[in-house]
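Asks: Here it is, the structure, as structure tokens.
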Amino acid sequence: MSELHKFLFEGLPVRGMIVRLTDAWQEILVRRRADEAAAAWPWPVTRMVGEMAAAGVLMQSNIKFNGSLVMQIFGEGPVKVAVAEVQHDLGLRVTAKVVGEVAADAHLQDLVNVNGRGRCAITLDPKDRVPGQQAYQGVVPLNATYGAGQPNLADVLEHYMRQSEQLDTKIVLAADNHVAAGLLIQRLPAEGKANLEGSGKEMDPAQQLEHFNRIATLAASLTGDELLQLDVETILRRLFWQEKILRFDAQTPRFSCTCSRERVAGMIRGLGQDEAEGILAERGEIDVSCDFCGQHYRFDAVDAAQVFTAPGDRPPGPSTMQ
């Protein structure tokens with residue numbers, strides 16, 4: 001079963017969390033392969049989308065946001081857009097649009113940043129918006145300086161956290177055809193000297209950063225294979241065996257798609273009646289497939305007519321007796 005574990009380093013200004021998506025990730029892949037309208041993702045795309053799913057769960061859980069967190073990567077390359085959406089209850093869904101050939105050894109730059117104009121956008125969409133409230137969105141370029149070597153998704157998201165949240169963060173991500181997993185280590189926000197509960201000691205900012213850097217270095221030693229193959233208990237014990245860790249109850253991320261026939265009807269309404277009638281004349285029905293879960297929604301001429309008919313204009317249905 002998929003699992004998310006949060007923890008604190010006792011007496012230190014550092015928190016962490018680790019996620020392993022197993023059944024949730026496998027259901028996403030099974031649905032993708034079963035959808036006749038969509039081709040299975042090439043391996044490099046599968047890896048990227050899996051890492052996005054794990055990262056989305058980590059970031060949603062980290063900010064405790066009552067709404068959906070939407071991570072989008074888009075640019076120029078065979079992957080035109082990839083999306084991971086995670087709800088406040090850790091229901092998640094992902095998709096990617098691929099056009100053209102993908103090299104077997106392709107990385108993030110090859111997939112979406114061929115000409116240096118790729119972007120990663122994080123959108124926080126509140127569940128219950130008040131009038132005038134807008135979704136928050138932060139965007140970071142994929143061609144920013146991330147240090148030596150070719151940047152990966154973890155590098156990009158660490159940069160995002162430093163820019164938007166002003167929080168030092170270390171992220172490790174990995175995915176294969178069975179598991180999508182991630183580890184996040186973050187320095188707790190503090191100003192001036194921090195009196196850490198239970199430690200009886202005050203730490204100035206330099207000491208706080210020193211402790212974070214030490215924990216982050218340990219986290220960075222975790223390989224992708226270890227993240228995918230080892231259970232949570234083994235990972236924490238191997239990395240932080242000298243630290244006192246305060247654990248919280250595990251949470252269970254799951255696959256969940258928010259598509260519905262009502263939403264598709266709204267989309268058809270947005271096309272306009274003339275456009276909808278043109279599709280019906282050409283194809284006999286309007287068939288819409290959800291990019292996330294593969295569910296098909298079919299509207300014939302009668303269904304489409306009802307979409308454009310106000311509720312008060314519809315003929316009454318058959319009467320029933322209670």
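Chain labels A, B, ... are given in the sequence in which chains occur in the structure tokens; within each chain residues are numbered consecutively from 1, and ligands are likewise numbered from 1 in the order shown.
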Please give the complete set of residues from segment 273-311 of chain A that DSSP, run on the backbone, assigns to alpha helix (DSSP H), formatted as a PyMOL selection string.
Replies: chain A and resi 273-283+301-307
Asks: Using only C-alpha atoms, determine which residues lie at most 8 Å from Ala180 of chain A, disregarding the query and same-chain residues fewer than 4 positions distant; provide the list as a list of chain:residue names.
Replies: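 The residues that qualify are A:Arg20, A:Leu21, A:Thr22, A:Trp25, A:Gly50, A:Glu51, A:Ala53, A:Ala54, A:Leu173, A:Ala174, A:Ala175, A:Asp176, A:Leu228.
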Asks: Kindly save the residues from that selection, with N, CA and C atoms included, as a PDB file, in the first residue's frame.
Replies:
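Contents of result.pdb, freshly written:
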```pdb
ATOM      1  N   ARG A  20       6.269   6.584  -0.536  1.00  0.00           N
ATOM      2  CA  ARG A  20       6.410   5.449  -1.453  1.00  0.00           C
ATOM      3  C   ARG A  20       5.045   5.178  -2.077  1.00  0.00           C
ATOM      4  N   LEU A  21       4.927   5.433  -3.372  1.00  0.00           N
ATOM      5  CA  LEU A  21       3.691   5.171  -4.102  1.00  0.00           C
ATOM      6  C   LEU A  21       3.822   3.811  -4.784  1.00  0.00           C
ATOM      7  N   THR A  22       3.018   2.872  -4.355  1.00  0.00           N
ATOM      8  CA  THR A  22       3.054   1.527  -4.928  1.00  0.00           C
ATOM      9  C   THR A  22       1.751   1.246  -5.667  1.00  0.00           C
ATOM     10  N   TRP A  25       0.576   4.279  -7.811  1.00  0.00           N
ATOM     11  CA  TRP A  25       1.363   4.472  -9.024  1.00  0.00           C
ATOM     12  C   TRP A  25       1.072   3.380 -10.045  1.00  0.00           C
ATOM     13  N   GLY A  50       6.468   9.737 -12.772  1.00  0.00           N
ATOM     14  CA  GLY A  50       6.472   9.107 -11.457  1.00  0.00           C
ATOM     15  C   GLY A  50       7.135   9.983 -10.408  1.00  0.00           C
ATOM     16  N   GLU A  51       8.247  10.610 -10.771  1.00  0.00           N
ATOM     17  CA  GLU A  51       8.918  11.526  -9.850  1.00  0.00           C
ATOM     18  C   GLU A  51       8.024  12.725  -9.539  1.00  0.00           C
ATOM     19  N   ALA A  53       4.754  12.676  -9.465  1.00  0.00           N
ATOM     20  CA  ALA A  53       3.708  12.193  -8.552  1.00  0.00           C
ATOM     21  C   ALA A  53       4.210  12.154  -7.113  1.00  0.00           C
ATOM     22  N   ALA A  54       5.404  11.593  -6.919  1.00  0.00           N
ATOM     23  CA  ALA A  54       5.978  11.523  -5.569  1.00  0.00           C
ATOM     24  C   ALA A  54       6.250  12.914  -5.019  1.00  0.00           C
ATOM     25  N   LEU A 173      14.377  11.962  -5.469  1.00  0.00           N
ATOM     26  CA  LEU A 173      13.233  11.359  -6.160  1.00  0.00           C
ATOM     27  C   LEU A 173      13.694  10.181  -7.017  1.00  0.00           C
ATOM     28  N   ALA A 174      12.794   9.219  -7.207  1.00  0.00           N
ATOM     29  CA  ALA A 174      13.076   8.084  -8.086  1.00  0.00           C
ATOM     30  C   ALA A 174      11.759   7.427  -8.471  1.00  0.00           C
ATOM     31  N   ALA A 175      11.749   6.776  -9.625  1.00  0.00           N
ATOM     32  CA  ALA A 175      10.547   6.060 -10.069  1.00  0.00           C
ATOM     33  C   ALA A 175      10.949   4.983 -11.054  1.00  0.00           C
ATOM     34  N   ASP A 176      10.214   3.872 -11.023  1.00  0.00           N
ATOM     35  CA  ASP A 176      10.318   2.840 -12.040  1.00  0.00           C
ATOM     36  C   ASP A 176       8.905   2.365 -12.351  1.00  0.00           C
ATOM     37  N   LEU A 228      13.896   3.161  -4.073  1.00  0.00           N
ATOM     38  CA  LEU A 228      12.853   2.335  -4.679  1.00  0.00           C
ATOM     39  C   LEU A 228      12.754   0.949  -4.043  1.00  0.00           C
TER      40      LEU A 228
END
```
Asks: Using only C-alpha atoms, which of A:Glu10, A:Ala304, A:Pro141, A:Leu227 sits nearest Gly278 of chain A?
Replies: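 Ranking A:Glu10, A:Ala304, A:Pro141, A:Leu227 by distance to Gly278 of chain A, first place goes to A:Ala304.
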Asks: So, with only C-alpha atoms as the atoms that count, which of A:Ala40, A:Gln134, A:Pro78, A:Arg93 lies closest to Asp110 of chain A?
Replies: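 Nearest to Asp110 of chain A: A:Pro78.
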Asks: What lies within 10 Å of Leu167 of chain A using only C-alpha atoms, ignoring chain neighbours under 4 positions off, as a list in words?
Replies: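 Selected residues are Glu158, His159, Tyr160, Met161, Arg162, Gln163, Gln186, Arg187, Leu188, Pro189 and Ala190 of chain A.
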Asks: Give me every strand (DSSP E) residue in segment 10-147 of chain A, going by DSSP on the backbone, as a ChimeraX atom specification.
Replies: /A:14-21,67-74,79-86,91-98,119-126,136-141
Asks: Using only C-alpha atoms for the distances, tell me which of A:Ala96, A:Ala24, A:Ala219, A:Tyr136 is nearest to Arg237 of chain A.
Replies: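 Between A:Ala96, A:Ala24, A:Ala219, A:Tyr136, the residue approaching Arg237 of chain A most closely is A:Ala219.
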Asks: I want to know what sits within 6 Å of segment 124-129 of chain A, based on only C-alpha atoms, with residues of the same chain fewer than 3 positions away left out; could you give that as a list in words?
Replies: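 In the requested format, the answer is Asn66, Gly67, Ser68, Leu69, Gln133, Ala135 and Tyr136 of chain A.
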Asks: Output N, CA and C atoms of each residue in that selection to a file, as a PDB file, in the first residue's frame.
Replies:
```pdb
ATOM      1  N   ASN A  66      -5.493  23.321   1.935  1.00  0.00           N
ATOM      2  CA  ASN A  66      -6.837  22.803   1.727  1.00  0.00           C
ATOM      3  C   ASN A  66      -7.289  23.138   0.303  1.00  0.00           C
ATOM      4  N   GLY A  67      -6.844  22.331  -0.602  1.00  0.00           N
ATOM      5  CA  GLY A  67      -7.144  22.531  -2.005  1.00  0.00           C
ATOM      6  C   GLY A  67      -6.251  21.608  -2.812  1.00  0.00           C
ATOM      7  N   SER A  68      -6.122  21.875  -4.088  1.00  0.00           N
ATOM      8  CA  SER A  68      -5.288  21.020  -4.935  1.00  0.00           C
ATOM      9  C   SER A  68      -3.963  21.699  -5.240  1.00  0.00           C
ATOM     10  N   LEU A  69      -2.905  20.909  -5.213  1.00  0.00           N
ATOM     11  CA  LEU A  69      -1.595  21.360  -5.672  1.00  0.00           C
ATOM     12  C   LEU A  69      -1.370  20.776  -7.058  1.00  0.00           C
ATOM     13  N   GLN A 133     -10.905  35.621  -4.699  1.00  0.00           N
ATOM     14  CA  GLN A 133      -9.685  34.884  -4.385  1.00  0.00           C
ATOM     15  C   GLN A 133      -9.145  34.189  -5.623  1.00  0.00           C
ATOM     16  N   ALA A 135      -6.094  31.624  -7.462  1.00  0.00           N
ATOM     17  CA  ALA A 135      -5.127  30.564  -7.196  1.00  0.00           C
ATOM     18  C   ALA A 135      -3.723  31.171  -7.197  1.00  0.00           C
ATOM     19  N   TYR A 136      -2.856  30.643  -6.334  1.00  0.00           N
ATOM     20  CA  TYR A 136      -1.465  31.112  -6.297  1.00  0.00           C
ATOM     21  C   TYR A 136      -0.641  30.250  -7.243  1.00  0.00           C
TER      22      TYR A 136
END
```
Asks: Looking at A:Gly182, A:Pro253, A:Gly270, A:Gly116, which one is nearest to Gly224 of chain A, with distances taken over only C-alpha atoms?
Replies: A:Gly182
Asks: Pick from A:Thr223, A:Asn213, A:Met59, A:Val79: nearest to Glu165 of chain A, with only C-alpha atoms counted?
Replies: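 Closest to Glu165 of chain A, using only C-alpha atoms: A:Met59.
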